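Student: What follows is coords-v6.tsv, made up of TSV, C-alpha atoms:
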chain	number	residue	atom	x	y	z
J	1	MET	CA	0.00	0.00	0.00
J	2	LYS	CA	1.19	3.51	-0.78
J	3	ALA	CA	1.27	6.43	1.64
J	4	VAL	CA	2.30	10.05	1.07
J	5	VAL	CA	3.56	12.08	4.03
J	6	PHE	CA	3.40	15.89	3.73
J	7	SER	CA	5.27	18.30	6.00
J	8	PHE	CA	5.66	22.08	6.06
J	9	THR	CA	8.19	22.98	8.76
J	10	GLN	CA	11.56	21.69	9.93
J	11	LYS	CA	10.03	20.27	13.10
J	12	GLY	CA	7.20	18.71	11.12
J	13	THR	CA	9.67	17.12	8.72
J	14	PHE	CA	11.53	15.49	11.62
J	15	LEU	CA	8.26	13.98	12.84
J	16	ALA	CA	7.35	13.01	9.28
J	17	GLN	CA	10.58	10.99	9.11
J	18	GLU	CA	9.64	9.11	12.30
J	19	VAL	CA	6.16	8.41	10.95
J	20	ALA	CA	7.50	7.33	7.55
J	21	ASP	CA	9.97	4.93	9.17
J	22	TRP	CA	7.16	3.33	11.14
J	23	LEU	CA	4.99	3.01	8.05
J	24	ARG	CA	7.81	1.38	6.10
J	25	ASN	CA	8.34	-1.12	8.91
J	26	GLU	CA	4.63	-1.95	8.57
J	27	GLY	CA	5.07	-2.68	4.86
J	28	TRP	CA	3.97	0.64	3.34
J	29	ASP	CA	5.48	2.20	0.24
J	30	VAL	CA	6.07	5.76	1.48
J	31	ARG	CA	6.73	9.03	-0.34
J	32	GLN	CA	7.90	11.92	1.86
J	33	THR	CA	7.41	15.40	0.49
J	34	SER	CA	7.82	18.93	1.83
J	35	LEU	CA	8.71	22.50	0.93
J	36	ARG	CA	11.90	22.69	-1.12
J	37	LYS	CA	13.92	24.23	1.74
J	38	PHE	CA	13.19	21.16	3.90
J	39	ALA	CA	13.67	18.58	1.15
J	40	SER	CA	16.70	16.38	1.73
J	41	SER	CA	16.73	12.68	0.82
J	42	PRO	CA	14.51	10.77	1.36
J	43	VAL	CA	12.28	13.88	1.47
J	44	VAL	CA	11.49	15.31	-1.96
J	45	PRO	CA	10.03	18.74	-2.77
J	46	PHE	CA	6.38	19.15	-3.71
J	47	GLU	CA	6.22	18.32	-7.42
J	48	PRO	CA	5.26	20.56	-9.15
J	49	SER	CA	3.38	22.13	-6.23
J	50	LEU	CA	1.44	21.18	-3.11
J	51	GLU	CA	-1.71	21.08	-5.23
J	52	GLY	CA	-0.13	18.81	-7.82
J	53	GLU	CA	1.37	16.56	-5.16
J	54	THR	CA	-2.00	16.23	-3.42
J	55	GLN	CA	-3.84	15.49	-6.65
J	56	ARG	CA	-1.38	12.75	-7.56
J	57	ALA	CA	-1.57	11.28	-4.06
J	58	PHE	CA	-5.38	11.16	-4.25
J	59	GLN	CA	-5.08	9.11	-7.43
J	60	SER	CA	-2.42	6.65	-6.30
J	61	ALA	CA	-2.18	6.43	-2.50
J	62	ARG	CA	-4.28	4.70	0.17
J	63	LEU	CA	-3.17	7.08	2.93
J	64	LEU	CA	-2.32	10.80	2.97
J	65	LEU	CA	-0.63	12.09	6.13
J	66	PHE	CA	-0.33	15.83	6.74
J	67	ILE	CA	2.09	16.87	9.47
J	68	GLY	CA	0.88	20.35	10.38
J	69	ALA	CA	-2.29	22.37	10.73
J	70	ALA	CA	-5.62	20.76	9.84
J	71	GLY	CA	-6.54	23.83	7.80
J	72	ILE	CA	-3.65	23.21	5.40
J	73	ALA	CA	-4.82	19.65	4.90
J	74	VAL	CA	-8.45	20.65	4.37
J	75	ARG	CA	-7.60	23.29	1.77
J	76	SER	CA	-5.19	20.91	0.02
J	77	ILE	CA	-7.59	18.01	-0.36
J	78	ALA	CA	-10.84	19.93	-0.93
J	79	PRO	CA	-10.65	20.09	-4.77
J	80	PHE	CA	-10.05	16.36	-5.08
J	81	ILE	CA	-12.67	14.83	-2.77
J	82	ARG	CA	-14.96	12.48	-4.75
J	83	LYS	CA	-16.99	9.84	-2.88
J	84	LYS	CA	-16.52	8.17	0.47
J	85	ASP	CA	-16.02	4.77	-1.16
J	86	GLN	CA	-13.32	6.18	-3.49
J	87	ASP	CA	-11.38	8.71	-1.41
J	88	PRO	CA	-8.16	7.70	0.32
J	89	ALA	CA	-7.70	7.96	4.06
J	90	VAL	CA	-6.49	11.40	5.16
J	91	VAL	CA	-4.94	11.91	8.59
J	92	VAL	CA	-3.52	15.06	10.18
J	93	ILE	CA	-0.85	15.06	12.89
J	94	ASP	CA	0.22	18.28	14.60
J	95	GLU	CA	3.95	18.88	14.34
J	96	GLY	CA	4.35	18.22	18.06
J	97	GLY	CA	2.95	14.72	17.63
J	98	GLN	CA	0.26	15.24	20.26
J	99	PHE	CA	-2.88	14.62	18.21
J	100	VAL	CA	-3.59	12.25	15.31
J	101	ILE	CA	-6.81	13.25	13.56
J	102	PRO	CA	-8.52	11.36	10.73
J	103	ILE	CA	-10.36	13.92	8.60
J	104	LEU	CA	-11.49	11.93	5.56
J	105	SER	CA	-12.62	8.35	4.90
J	106	GLY	CA	-12.53	7.37	8.54
J	107	HIS	CA	-14.45	4.13	8.14
J	108	ILE	CA	-14.35	2.81	4.59
J	109	GLY	CA	-10.89	4.25	3.91
J	110	ARG	CA	-9.71	3.02	7.36
J	111	ALA	CA	-8.40	6.44	8.43
J	112	ASN	CA	-9.73	5.90	11.97
J	113	GLU	CA	-7.95	2.55	12.28
J	114	TRP	CA	-4.66	3.90	10.97
J	115	ALA	CA	-4.93	7.02	13.14
J	116	ARG	CA	-5.17	4.83	16.23
J	117	GLN	CA	-2.15	2.81	15.13
J	118	LEU	CA	-0.11	5.91	14.36
J	119	ALA	CA	-1.04	7.51	17.66
J	120	ALA	CA	0.19	4.44	19.50
J	121	ALA	CA	3.42	4.43	17.48
J	122	ILE	CA	4.32	8.08	18.24
J	123	LYS	CA	2.74	8.13	21.72
J	124	GLY	CA	0.12	10.66	20.71
J	125	GLN	CA	-3.67	10.79	21.05
J	126	ALA	CA	-6.02	9.69	18.30
J	127	VAL	CA	-8.91	12.16	17.94
J	128	ILE	CA	-11.85	10.21	16.49
J	129	THR	CA	-15.04	12.17	15.72
J	130	THR	CA	-17.29	9.71	13.85
J	131	ALA	CA	-20.59	9.19	15.66
J	132	THR	CA	-20.53	5.41	16.04
J	133	ASP	CA	-17.02	5.53	17.50
J	134	VAL	CA	-17.87	8.38	19.88
J	135	ASN	CA	-20.86	6.38	21.12
J	136	ALA	CA	-18.88	3.10	21.26
J	137	LEU	CA	-21.16	1.45	18.71
J	138	PHE	CA	-20.49	-0.84	15.76
J	139	ALA	CA	-19.38	0.87	12.51
J	140	VAL	CA	-20.57	-1.37	9.68
J	141	ASP	CA	-18.71	0.44	6.91
J	142	GLU	CA	-15.36	0.30	8.72
J	143	TRP	CA	-15.84	-3.38	9.58
J	144	ALA	CA	-16.84	-4.25	6.01
J	145	ALA	CA	-13.82	-2.45	4.57
J	146	ARG	CA	-11.43	-4.18	6.95
J	147	LYS	CA	-12.92	-7.62	6.23
J	148	GLY	CA	-13.16	-7.16	2.46
J	149	LEU	CA	-16.97	-7.37	2.50
J	150	ARG	CA	-19.30	-5.52	0.14
J	151	LEU	CA	-22.15	-3.29	1.27
J	152	SER	CA	-25.48	-3.27	-0.54
J	153	SER	CA	-25.06	0.51	-0.79
J	154	LEU	CA	-23.56	3.42	1.11
J	155	LYS	CA	-27.08	4.77	1.59
J	156	ASP	CA	-28.14	1.51	3.25
J	157	ALA	CA	-25.07	1.67	5.50
J	158	LYS	CA	-25.87	5.28	6.44
J	159	ASN	CA	-29.50	4.43	7.26
J	160	PHE	CA	-28.39	1.43	9.32
J	161	ALA	CA	-25.94	3.59	11.28
J	162	ALA	CA	-28.66	6.19	11.91
J	163	GLY	CA	-31.02	3.52	13.24
J	164	LEU	CA	-28.32	2.05	15.43
J	165	LEU	CA	-27.40	5.44	16.85
J	166	SER	CA	-31.04	6.32	17.50
J	167	ALA	CA	-32.01	3.11	19.29
J	168	GLY	CA	-28.61	2.10	20.64
J	169	LYS	CA	-29.02	-1.34	19.15
J	170	ALA	CA	-29.77	-3.15	15.87
J	171	GLY	CA	-30.47	-6.68	14.76
J	172	LEU	CA	-28.05	-9.08	13.10
J	173	TYR	CA	-28.93	-11.98	10.82
J	174	SER	CA	-26.28	-14.15	9.17
J	175	ASP	CA	-26.53	-17.00	6.69
J	176	PHE	CA	-23.20	-18.16	8.11
J	177	PRO	CA	-21.92	-19.34	11.50
J	178	ILE	CA	-20.81	-16.57	13.87
J	179	GLU	CA	-17.55	-16.94	15.78
J	180	GLY	CA	-17.04	-15.08	19.02
J	181	PRO	CA	-19.06	-12.33	20.70
J	182	LEU	CA	-21.12	-9.71	18.89
J	183	PRO	CA	-19.93	-6.09	18.91
J	184	PRO	CA	-21.66	-3.43	21.04
J	185	GLY	CA	-25.16	-2.65	19.84
J	186	LEU	CA	-25.77	-5.78	17.74
J	187	VAL	CA	-28.21	-8.48	18.81
J	188	ALA	CA	-29.16	-11.65	16.95
J	189	ALA	CA	-32.57	-11.17	15.33
J	190	THR	CA	-34.68	-12.01	12.29
J	191	ASP	CA	-36.87	-8.91	12.30
J	192	GLY	CA	-37.12	-5.45	13.81
J	193	PRO	CA	-36.72	-1.79	12.86
J	194	THR	CA	-33.00	-1.86	11.94
J	195	GLY	CA	-30.74	-4.73	11.03
J	196	LEU	CA	-27.56	-6.01	9.44
J	197	VAL	CA	-27.89	-9.00	7.10
J	198	VAL	CA	-24.83	-11.03	6.10
J	199	THR	CA	-25.64	-13.04	3.00
J	200	THR	CA	-24.73	-13.86	-0.59
J	201	LYS	CA	-28.37	-13.40	-1.59
J	202	ASP	CA	-29.51	-10.52	-3.75
J	203	ARG	CA	-32.82	-9.88	-1.96
J	204	MET	CA	-33.56	-10.42	1.71
J	205	ALA	CA	-36.20	-8.38	3.55
J	206	LEU	CA	-36.01	-9.08	7.28
J	207	PHE	CA	-35.79	-5.63	8.87
J	208	GLU	CA	-37.62	-2.38	8.18
J	209	VAL	CA	-34.25	-0.72	7.53
J	210	SER	CA	-31.34	-2.97	6.66
J	211	VAL	CA	-27.91	-3.06	5.13
J	212	LEU	CA	-26.89	-6.25	3.33
J	213	VAL	CA	-23.24	-7.19	3.70
J	214	ARG	CA	-21.87	-9.75	1.29
J	215	PRO	CA	-18.72	-11.83	1.67
J	216	VAL	CA	-16.93	-12.39	-1.64
J	217	ILE	CA	-17.15	-16.18	-1.65
J	218	LEU	CA	-19.14	-17.27	-4.72
J	219	HIS	CA	-17.27	-18.99	-7.55
J	220	VAL	CA	-18.84	-19.21	-10.99
J	221	GLY	CA	-17.90	-22.20	-13.13
J	222	ILE	CA	-18.59	-21.86	-16.87
J	223	GLY	CA	-18.42	-24.14	-19.88
J	224	CYS	CA	-19.20	-22.89	-23.37
J	225	ARG	CA	-19.03	-23.69	-27.04
J	226	ARG	CA	-16.18	-22.25	-29.05
J	227	GLY	CA	-16.93	-18.69	-30.18
J	228	THR	CA	-19.67	-17.92	-27.65
J	229	SER	CA	-19.98	-14.16	-27.20
J	230	ALA	CA	-19.49	-12.28	-23.94
J	231	SER	CA	-23.05	-10.97	-24.09
J	232	THR	CA	-24.48	-14.49	-24.41
J	233	ILE	CA	-22.42	-15.65	-21.42
J	234	GLU	CA	-23.53	-12.53	-19.52
J	235	ASP	CA	-27.20	-13.30	-20.17
J	236	ALA	CA	-26.75	-16.90	-19.03
J	237	VAL	CA	-24.98	-15.99	-15.79
J	238	LEU	CA	-27.40	-13.17	-14.94
J	239	SER	CA	-30.32	-15.53	-15.49
J	240	VAL	CA	-28.80	-18.11	-13.14
J	241	PHE	CA	-28.15	-15.50	-10.44
J	242	GLU	CA	-31.63	-14.03	-10.75
J	243	GLU	CA	-33.28	-17.44	-10.47
J	244	ALA	CA	-31.14	-18.42	-7.48
J	245	ASN	CA	-31.50	-15.00	-5.79
J	246	LEU	CA	-27.72	-14.58	-5.62
J	247	SER	CA	-25.84	-11.29	-5.67
J	248	LEU	CA	-23.14	-10.49	-8.19
J	249	GLN	CA	-21.45	-8.55	-5.37
J	250	ALA	CA	-20.54	-11.87	-3.77
J	251	VAL	CA	-18.67	-13.24	-6.80
J	252	ALA	CA	-14.99	-13.96	-6.17
J	253	ASP	CA	-14.01	-15.32	-9.57
J	254	VAL	CA	-14.93	-17.16	-12.75
J	255	SER	CA	-13.38	-20.47	-13.75
J	256	SER	CA	-13.35	-23.03	-16.55
J	257	ILE	CA	-11.17	-25.71	-18.12
J	258	ASP	CA	-7.78	-24.73	-19.53
J	259	VAL	CA	-8.72	-25.45	-23.15
J	260	LYS	CA	-10.94	-22.37	-22.84
J	261	GLY	CA	-7.99	-20.19	-21.87
J	262	ASP	CA	-8.14	-18.33	-25.19
J	263	GLU	CA	-11.93	-18.10	-25.39
J	264	GLU	CA	-12.37	-14.38	-26.05
J	265	GLY	CA	-16.04	-14.21	-25.10
J	266	LEU	CA	-15.32	-15.81	-21.72
J	267	LEU	CA	-12.30	-13.58	-21.10
J	268	ALA	CA	-14.27	-10.47	-22.10
J	269	PHE	CA	-17.14	-11.44	-19.79
J	270	ALA	CA	-14.76	-11.67	-16.82
J	271	ARG	CA	-13.19	-8.32	-17.73
J	272	MET	CA	-16.62	-6.67	-17.90
J	273	HIS	CA	-17.08	-7.41	-14.21
J	274	SER	CA	-13.43	-7.05	-13.17
J	275	TRP	CA	-13.53	-10.65	-11.94
J	276	PRO	CA	-10.42	-12.83	-11.91
J	277	ILE	CA	-10.65	-15.85	-14.21
J	278	ARG	CA	-9.00	-19.18	-13.49
J	279	PHE	CA	-8.43	-22.20	-15.68
J	280	PHE	CA	-7.92	-25.78	-14.54
J	281	SER	CA	-6.62	-28.80	-16.41
J	282	ALA	CA	-8.79	-31.86	-16.98
J	283	ASP	CA	-6.67	-33.75	-14.43
J	284	GLU	CA	-7.24	-31.04	-11.82
J	285	LEU	CA	-10.98	-31.11	-12.44
J	286	ASN	CA	-11.14	-34.90	-12.35
J	287	ALA	CA	-9.44	-34.84	-8.95
J	288	VAL	CA	-12.24	-32.74	-7.41
J	289	PRO	CA	-14.21	-34.98	-5.02
J	290	GLY	CA	-17.99	-35.07	-5.18
J	291	THR	CA	-20.94	-36.09	-7.29
J	292	PHE	CA	-21.39	-34.05	-10.45
J	293	THR	CA	-23.71	-33.92	-13.46
J	294	ALA	CA	-21.74	-36.14	-15.83
J	295	SER	CA	-21.67	-35.95	-19.63
J	296	ASP	CA	-19.99	-38.58	-21.79
J	297	PHE	CA	-19.81	-36.10	-24.67
J	298	VAL	CA	-17.95	-33.56	-22.53
J	299	ARG	CA	-15.61	-36.28	-21.26
J	300	GLN	CA	-14.75	-37.35	-24.79
J	301	THR	CA	-14.27	-33.74	-25.91
J	302	VAL	CA	-12.19	-32.18	-23.10
J	303	GLY	CA	-11.20	-35.07	-20.83
J	304	THR	CA	-13.52	-34.50	-17.87
J	305	ASP	CA	-17.21	-35.31	-17.46
J	306	ASN	CA	-18.23	-31.85	-16.18
J	307	VAL	CA	-16.61	-28.45	-16.54
J	308	CYS	CA	-18.84	-25.90	-14.80
J	309	GLU	CA	-19.56	-27.73	-11.53
J	310	ARG	CA	-16.08	-29.13	-11.09
J	311	SER	CA	-14.48	-25.74	-11.88
J	312	ALA	CA	-16.70	-23.91	-9.41
J	313	VAL	CA	-16.01	-26.39	-6.60
J	314	ARG	CA	-12.27	-26.45	-7.37
J	315	ALA	CA	-12.10	-22.64	-7.29
J	316	SER	CA	-14.03	-22.56	-4.00
J	317	HIS	CA	-11.49	-24.86	-2.34
J	318	GLY	CA	-13.98	-27.67	-1.92
J	319	GLY	CA	-17.02	-25.52	-1.14
J	320	ASP	CA	-20.65	-26.48	-1.68
J	321	LEU	CA	-22.52	-26.24	-4.95
J	322	VAL	CA	-25.31	-23.71	-4.45
J	323	VAL	CA	-26.34	-23.86	-8.11
J	324	SER	CA	-25.89	-27.12	-9.99
J	325	LYS	CA	-25.30	-27.20	-13.73
J	326	LYS	CA	-27.63	-24.96	-15.73
J	327	ALA	CA	-27.40	-25.37	-19.50
J	328	GLY	CA	-28.66	-23.37	-22.46
J	329	GLN	CA	-27.45	-21.76	-25.70
J	330	GLY	CA	-24.27	-23.79	-25.60
J	331	ILE	CA	-23.35	-22.52	-22.12
J	332	THR	CA	-23.23	-24.31	-18.78
J	333	VAL	CA	-23.11	-22.43	-15.49
J	334	ALA	CA	-22.67	-23.59	-11.88
J	335	VAL	CA	-21.99	-21.70	-8.67
J	336	ALA	CA	-20.13	-22.90	-5.58
J	337	CYS	CA	-19.83	-21.16	-2.22
J	338	GLU	CA	-16.68	-21.50	-0.19
J	339	SER	CA	-16.79	-22.25	3.52
J	340	TYR	CA	-17.21	-19.07	5.56
J	341	SER	CA	-17.82	-17.93	9.10
J	342	LEU	CA	-18.51	-14.48	10.47
J	343	CYS	CA	-16.14	-12.88	12.93
J	344	PHE	CA	-16.27	-9.51	14.67
J	345	SER	CA	-12.89	-9.72	16.40
J	346	ASN	CA	-11.10	-6.41	17.02
J	347	VAL	CA	-14.25	-4.39	16.25
Let me see the structure of the file written as structure tokens.

Tutor:
Amino acid sequence: MKAVVFSFTQKGTFLAQEVADWLRNEGWDVRQTSLRKFASSPVVPFEPSLEGETQRAFQSARLLLFIGAAGIAVRSIAPFIRKKDQDPAVVVIDEGGQFVIPILSGHIGRANEWARQLAAAIKGQAVITTATDVNALFAVDEWAARKGLRLSSLKDAKNFAAGLLSAGKAGLYSDFPIEGPLPPGLVAATDGPTGLVVTTKDRMALFEVSVLVRPVILHVGIGCRRGTSASTIEDAVLSVFEEANLSLQAVADVSSIDVKGDEEGLLAFARMHSWPIRFFSADELNAVPGTFTASDFVRQTVGTDNVCERSAVRASHGGDLVVSKKAGQGITVAVACESYSLCFSNV
């Protein structure tokens, strides 16, 4: 992950060096930048200006750290703020190292989390102002970002947080086992005014106001005739997901047999959704344990009796088939779900 550390005084640059060293020890790729008169390797001058440096950092970095006054940071980032699910984390530290203040993307961008870590590292005080944190309640957007989960929408997350703050509690329903205790404010429930639903389903109406949170654990296995177009594959997969009430947000990857490795329609379909695509040999697919929908024709053609189901299960590391082979227009589709359990540790 990339971080950019900005400083504006000699004292601030000394602190910036301490912060940058800590970040590098944590595995960050760090750029240190300051006014030209304070720039001495590894610190580089703002290029071509503070505005240009900030704009570039917004495009390429996960974390922007300003060592100095909060006003400088606010004015610097203001022209480049987009959306809360796109903006990087922005944290301000006073040049004395007393206060570490996340000012942008506290939850989804993880600025709150990193501010706490930085404060501990420099023996300062994290100043967290987001409402759920101030009230010691669960922050669904921060938790989802940290766990790599996908929210049904930012609006749903905002409405959930409002309901939780108003009542002091909200329901939780999960399609998956829950490990460990629930965080403050969440109670197991299947109905109520406000709730969090953890599922791979597309539609699930349990609470009056709810946010659906989806783990990325569905694996789509596909077989197709030579020359099948991306749009035809798209229609087939969408039809399967609609019928099974599954969410595309939960898809981890697409897979098939290796003889389809140059199938342009299949490759284009995966690119359309920014999904990774994996290919397995016939031997790898034949080694997958389980009972599958066998086809002698497919076995004679590619060396295994089933492509879509075996690929999906192989990609899911031995997960369960949630959609068995669906065939039509020269395409077969199956979906497997990897094993998953819900954990709220360190929330």

Student: Could you pull out every residue with an atom within 7 Å of (-25.0, -13.5, -1.1), file coordinates, counting all atoms listed in the file, and send them as JSON, numbers by chain?

Tutor: {"J": [199, 200, 201, 202, 214, 246, 247, 250]}

Student: When you look at Gly12 in chain J with a cut-off of 8 Å (counting all atoms listed in the file), what residues show up, excluding the ones that are within fewer than 6 positions of it in the same chain? I need them as a PyMOL selection string.

Tutor: chain J and resi 67-68+94-96

Student: Since we have the selection now, will you write its residues out, keeping C-alpha atoms, as a compact mmCIF listing (two decimals), in the frame of the given file?

Tutor:
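Here's the written file out03.txt:
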# COMPACT_ATOMS: atom_id res chain seq x y z
CA ILE J 67 2.09 16.87 9.47
CA GLY J 68 0.88 20.35 10.38
CA ASP J 94 0.22 18.28 14.60
CA GLU J 95 3.95 18.88 14.34
CA GLY J 96 4.35 18.22 18.06

Student: I need every residue sitting at most 7 Å from the point (-24.8, 8.1, 11.0) (coordinates as in the file, all atoms listed in the file considered), written as a PDB file with C-alpha atoms, in the coordinates of the input.

Tutor:
ATOM      1  CA  ALA J 131     -20.590   9.190  15.660  1.00  0.00           C
ATOM      2  CA  LYS J 158     -25.870   5.280   6.440  1.00  0.00           C
ATOM      3  CA  ALA J 161     -25.940   3.590  11.280  1.00  0.00           C
ATOM      4  CA  ALA J 162     -28.660   6.190  11.910  1.00  0.00           C
ATOM      5  CA  LEU J 165     -27.400   5.440  16.850  1.00  0.00           C
TER       6      LEU J 165
END

Student: What is the CA of Gln98 in chain J to CA of Gly71 in chain J distance in Å?

Tutor: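 Going from CA of Gln98 in chain J over to CA of Gly71 in chain J, I get 16.6 Å.
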
Student: Considering all atoms listed in the file, state which residue in the set J:Ala139, J:Val209, J:Ile217, J:Leu267 is at the smallest distance from Ser231 in chain J.

Tutor: J:Leu267

Student: I'd like the contact shell of Glu179 in chain J - 10 Å cut-off, all atoms listed in the file, skipping same-chain residues fewer than 4 positions apart - returned as a ChimeraX atom specification.

Tutor: /J:341-345

Student: Residues of range 194-300 of chain J within 12 Å of range 314-319 of chain J: nearest atom pair and distance (Å, one decimal) for each, counting all atoms listed in the file, sorted by chain and number, as CSV?

Tutor:
residue,atom,partner,partner_atom,distance
J:Val216,CA,J:Ser316,CA,10.8
J:Ile217,CA,J:Ser316,CA,7.5
J:Leu218,CA,J:Ser316,CA,7.4
J:His219,CA,J:Ser316,CA,6.0
J:Val220,CA,J:Ala315,CA,8.4
J:Gly221,CA,J:Ala315,CA,8.2
J:Ile222,CA,J:Ala315,CA,11.6
J:Val251,CA,J:Ser316,CA,10.8
J:Ala252,CA,J:Ser316,CA,8.9
J:Asp253,CA,J:Ala315,CA,7.9
J:Val254,CA,J:Ala315,CA,8.2
J:Ser255,CA,J:Ala315,CA,6.9
J:Ser256,CA,J:Ala315,CA,9.4
J:Ile257,CA,J:Arg314,CA,10.8
J:Pro276,CA,J:Ala315,CA,11.0
J:Ile277,CA,J:Ala315,CA,9.8
J:Arg278,CA,J:Ala315,CA,7.7
J:Phe279,CA,J:Ala315,CA,9.2
J:Phe280,CA,J:Arg314,CA,8.4
J:Ser281,CA,J:Arg314,CA,10.9
J:Ala282,CA,J:Arg314,CA,11.6
J:Asp283,CA,J:Arg314,CA,11.6
J:Glu284,CA,J:Arg314,CA,8.1
J:Leu285,CA,J:Arg314,CA,7.0
J:Asn286,CA,J:Arg314,CA,9.9
J:Ala287,CA,J:Arg314,CA,9.0
J:Val288,CA,J:Arg314,CA,6.3
J:Pro289,CA,J:Gly318,CA,7.9
J:Gly290,CA,J:Gly318,CA,9.0

Student: What's the separation between CA of Gly124 in chain J and CA of Trp143 in chain J, in Å to one decimal place?

Tutor: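 Straight-line distance from CA of Gly124 in chain J to CA of Trp143 in chain J works out to 24.0 Å.
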
Student: Would you mind telling me which residue in J:Ile77, J:Leu50, J:Ile233, J:Cys308 lies nearest to Leu64 in chain J when using only C-alpha atoms?

Tutor: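 Selected residue with least distance to Leu64 in chain J: J:Ile77.
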
Student: Please, what distance in Å, to one decimal, runs between CA of Ile101 in chain J and CA of Ala20 in chain J?

Tutor: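 Answer for the CA of Ile101 in chain J to CA of Ala20 in chain J separation: 16.6 Å.
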
Student: Which residue, J:Phe176, J:Phe297, J:Leu118, J:Ile72, has the smallest gap to Asp21 in chain J when you use all atoms listed in the file?

Tutor: J:Leu118

Student: Which residues, written as a ChimeraX atom specification, have at least one atom at most 10 Å from Gly106 in chain J, with only C-alpha atoms counted and residues fewer than 6 positions away on the same chain left out?

Tutor: /J:84,88-91,112-115,128-130,141-142

Student: Kindly save the residues from that selection, with C-alpha atoms included, as an mmCIF file, in the frame of the given file.

Tutor:
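Heads up, here's the output in part.cif:
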data_model
loop_
_atom_site.group_PDB
_atom_site.id
_atom_site.type_symbol
_atom_site.label_atom_id
_atom_site.label_comp_id
_atom_site.auth_asym_id
_atom_site.auth_seq_id
_atom_site.Cartn_x
_atom_site.Cartn_y
_atom_site.Cartn_z
ATOM 1 C CA LYS J 84 -16.520 8.170 0.470
ATOM 2 C CA PRO J 88 -8.160 7.700 0.320
ATOM 3 C CA ALA J 89 -7.700 7.960 4.060
ATOM 4 C CA VAL J 90 -6.490 11.400 5.160
ATOM 5 C CA VAL J 91 -4.940 11.910 8.590
ATOM 6 C CA ASN J 112 -9.730 5.900 11.970
ATOM 7 C CA GLU J 113 -7.950 2.550 12.280
ATOM 8 C CA TRP J 114 -4.660 3.900 10.970
ATOM 9 C CA ALA J 115 -4.930 7.020 13.140
ATOM 10 C CA ILE J 128 -11.850 10.210 16.490
ATOM 11 C CA THR J 129 -15.040 12.170 15.720
ATOM 12 C CA THR J 130 -17.290 9.710 13.850
ATOM 13 C CA ASP J 141 -18.710 0.440 6.910
ATOM 14 C CA GLU J 142 -15.360 0.300 8.720
#

Student: Tell me which of J:Val5, J:Ala61, J:Ala144, J:Val333 sits closest to Phe46 in chain J, counting all atoms listed in the file.

Tutor: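 For Phe46 in chain J, the nearest of the candidates is J:Val5.
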
Student: Choose the residue, out of J:Gly195, J:Thr33, J:His273, J:Lys169, that has the smallest atom-to-atom separation from Leu238 in chain J; count all atoms listed in the file.

Tutor: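 Checking each candidate against Leu238 in chain J, we get J:His273 as the closest.
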
Student: With distances taken over only C-alpha atoms, which of J:Pro215, J:Gly163, J:Pro193, J:Gly223 is nearest to Arg310 in chain J?

Tutor: J:Gly223

Student: Please complete range 225-236 of chain J so it has N, CA and C atoms, and hand it over as a CSV table (one decimal), keeping the file's coordinate frame.

Tutor:
chain,number,residue,atom,x,y,z
J,225,ARG,N,-19.5,-23.3,-25.7
J,225,ARG,CA,-19.0,-23.7,-27.0
J,225,ARG,C,-18.0,-22.7,-27.5
J,226,ARG,N,-17.2,-23.1,-28.5
J,226,ARG,CA,-16.2,-22.2,-29.0
J,226,ARG,C,-16.9,-21.1,-29.8
J,227,GLY,N,-16.4,-19.9,-29.5
J,227,GLY,CA,-16.9,-18.7,-30.2
J,227,GLY,C,-18.1,-18.1,-29.5
J,228,THR,N,-18.5,-18.5,-28.3
J,228,THR,CA,-19.7,-17.9,-27.6
J,228,THR,C,-19.3,-16.5,-27.2
J,229,SER,N,-20.2,-15.6,-27.5
J,229,SER,CA,-20.0,-14.2,-27.2
J,229,SER,C,-20.1,-13.8,-25.7
J,230,ALA,N,-19.4,-12.7,-25.3
J,230,ALA,CA,-19.5,-12.3,-23.9
J,230,ALA,C,-20.9,-11.9,-23.5
J,231,SER,N,-21.7,-11.3,-24.4
J,231,SER,CA,-23.0,-11.0,-24.1
J,231,SER,C,-23.9,-12.2,-23.8
J,232,THR,N,-23.7,-13.3,-24.6
J,232,THR,CA,-24.5,-14.5,-24.4
J,232,THR,C,-24.1,-15.1,-23.1
J,233,ILE,N,-22.8,-15.1,-22.7
J,233,ILE,CA,-22.4,-15.6,-21.4
J,233,ILE,C,-23.0,-14.8,-20.3
J,234,GLU,N,-23.0,-13.5,-20.5
J,234,GLU,CA,-23.5,-12.5,-19.5
J,234,GLU,C,-25.0,-12.8,-19.3
J,235,ASP,N,-25.8,-13.0,-20.3
J,235,ASP,CA,-27.2,-13.3,-20.2
J,235,ASP,C,-27.4,-14.6,-19.4
J,236,ALA,N,-26.6,-15.6,-19.7
J,236,ALA,CA,-26.8,-16.9,-19.0
J,236,ALA,C,-26.5,-16.8,-17.5
